[in-house]
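K.L.:
Once you've had a glance at the structure underneath, I'll fire off some questions.
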Amino acid sequence: MFGGTFDPPHLGHLVAASEAAFERRLDEVVFVPAGDPWQKAHIKVTDAAARLEMTRLAIGSDPLFRVSTCDIDRKGATYAVDTVADVRGEYDGEVELFFIIGADSLENLHTWHRVEELVKAVKFIALNRPGHSRSEVDTSFGIEVEFIDMPAVDLSSTECRQRVRDGQPVRYLVPEAVAEFIADRGLYRG
C-alpha cells in the first residue's frame, strides 16, 4: 500500500510505486489518498474528492495499481495504523501488506499515531531518494524495513502546485490526464 495526500499525484509517485512493485514482486500496489491528513492540518489541502479523482487518473489502466477510498470514507483524522487495518479488510483471507514510504519519512515515523501497533501490522518498503542516507533512519523500535534504491526523480507535489500558481507548466511532471484535470478545475491557482 502506498498512502499519501497525492495533491497532486505526480510521476515520482508512479515511479516509486512501480519500483517497489518490481523489486519486491508485489501482486499490486494500492494507492490510498489521505482523507484528513493529521500531519498536514496546518496547510490547505485540496478537497479529498478531487485528490481521489486525480489519483484514479494518474494510475490509469495500469493493472498493477488500484485505488482504495478507505481513508477518504473514514470520518476524522487519517492515521496509517487505521489505514492498514482497512486495506487488510479489503482482502479475503490473510494477506501480507507492505507500506511503501519515502526513506526520509521514516525519520519521523516515531511521531506517528500508535506507531507501535503500525510496525507490528506491516512491513515497510523504504524508497531511497537522492541525498538521503539510510544511516539517518532509526529502526530500533521494531520496524521491519527493506530499503530500495529508486531512480532519481526529484519532484514533489509542493513543487507541482507552486508551478501551477506561477503559471508554469506541469506537463511531463504529472500524468497528462492529471494536468488536464488541474487545468479544467482551476486547481492550485491561488
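Convention: chains lettered A, B, ... in C-alpha cells order; per-chain residue numbering from 1; ligands numbered from 1 as shown.
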Within chain A, find each residue whose DSSP state, derived from the backbone, is alpha helix (DSSP H), and express the selection as JSON, numbers by chain.
P.N.:
{"A": [11, 12, 13, 14, 15, 16, 17, 18, 19, 20, 21, 22, 23, 24, 48, 49, 50, 51, 52, 53, 54, 55, 56, 57, 58, 59, 70, 71, 72, 73, 80, 81, 82, 83, 84, 85, 86, 87, 88, 103, 104, 105, 106, 115, 116, 117, 118, 119, 120, 121, 157, 158, 159, 160, 161, 162, 163, 164, 165, 176, 177, 178, 179, 180, 181, 182, 183, 184, 185]}
K.L.:
Would you mind reading off the distance between CA of Tyr188 (chain A) and CA of Arg161 (chain A), one decimal, in Å?
P.N.:
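The value is 5.5 Å.
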K.L.:
Would you list the contacts of region 111-114 of chain A as a PyMOL selection string, taking every protein, DNA or RNA residue within 10 Å and counting only C-alpha atoms, but skipping same-chain residues closer than 4 positions in sequence?
P.N.:
chain A and resi 38-39+78-82+106-107+118-119
K.L.:
Might you pull out every residue within 7 Å of Val122 (chain A), with only C-alpha atoms counted and same-chain residues fewer than 4 positions away left off, and present them as a short mmCIF file (atom, residue, chain, number, x, y, z; two decimals) with N, CA and C atoms, in the first residue's frame?
P.N.:
```
data_model
loop_
_atom_site.label_atom_id
_atom_site.label_comp_id
_atom_site.auth_asym_id
_atom_site.auth_seq_id
_atom_site.Cartn_x
_atom_site.Cartn_y
_atom_site.Cartn_z
N LEU A 97 0.98 -7.37 3.92
CA LEU A 97 0.96 -5.99 3.47
C LEU A 97 2.32 -5.33 3.68
N PHE A 98 2.67 -4.53 2.71
CA PHE A 98 3.87 -3.70 2.77
C PHE A 98 3.42 -2.25 2.67
N PHE A 99 4.07 -1.40 3.43
CA PHE A 99 3.76 0.03 3.45
C PHE A 99 4.90 0.73 2.71
N LEU A 118 1.44 -0.06 14.42
CA LEU A 118 1.68 0.01 12.99
C LEU A 118 2.85 -0.88 12.58
#
```
K.L.:
Quick one: pick out all strand (DSSP E or B) residues within chain A from a backbone DSSP run and write them as a ChimeraX atom specification.
P.N.:
/A:2-4,29-33,37,65-67,78,98-102,123-128,145-149,171,174
K.L.:
What is the distance between CA of Ala17 (chain A) and CA of Glu180 (chain A), in Å to one decimal?
P.N.:
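Those two atoms sit 22.2 Å apart.
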K.L.:
Name all residues at most 6 Å from region 20-36 of chain A (count only C-alpha atoms; drop same-chain ones fewer than 5 positions away) and give them as number ranges by chain.
P.N.:
A: 1-5, 48, 64-68, 71-72, 77-78
K.L.:
At what distance in Å, to one decimal, does CA of His10 (chain A) lie from CA of Asp149 (chain A)?
P.N.:
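Taking CA of Asp149 (chain A) and CA of His10 (chain A), their separation equals 18.5 Å.
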K.L.:
Taking 2 positions as the minimum chain separation for residues in the same chain, which residues sit within 6 Å of region 156-158 of chain A when counting only C-alpha atoms? Answer as an MDAnalysis selection string.
P.N.:
chainID A and resid 7:8 160:161
K.L.:
What's around Pro151 (chain A) at 12 Å? Count only C-alpha atoms, leave out sequence neighbours fewer than 2 positions away in its own chain, and write the answer as a PyMOL selection string.
P.N.:
chain A and resi 11-20+127-130+148-149+153-155
K.L.:
May I have the residues from that selection written out with C-alpha atoms, as a tab-separated table (two decimals), in the first residue's frame?
P.N.:
```tsv
chain	number	residue	atom	x	y	z
A	11	LEU	CA	5.30	10.90	-11.96
A	12	GLY	CA	7.58	10.45	-8.95
A	13	HIS	CA	4.72	8.69	-7.15
A	14	LEU	CA	4.22	6.36	-10.10
A	15	VAL	CA	7.93	5.60	-10.42
A	16	ALA	CA	8.14	4.87	-6.68
A	17	ALA	CA	5.17	2.50	-6.79
A	18	SER	CA	6.50	0.77	-9.88
A	19	GLU	CA	9.98	0.32	-8.40
A	20	ALA	CA	8.61	-1.08	-5.13
A	127	LEU	CA	12.46	4.15	-1.13
A	128	ASN	CA	15.81	5.86	-1.03
A	129	ARG	CA	15.68	9.32	-2.51
A	130	PRO	CA	18.62	11.36	-3.75
A	148	ILE	CA	15.08	0.08	-2.22
A	149	ASP	CA	17.03	2.49	-4.38
A	153	VAL	CA	13.07	11.65	-9.66
A	154	ASP	CA	13.44	14.88	-7.72
A	155	LEU	CA	9.83	16.01	-7.79
```
K.L.:
Which one is closest to Gly190 (chain A): A:Gly142, A:Lys44, A:Arg51, A:Glu96? Count only C-alpha atoms.
P.N.:
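Once distances to Gly190 (chain A) are computed over only C-alpha atoms, the minimum belongs to A:Lys44.
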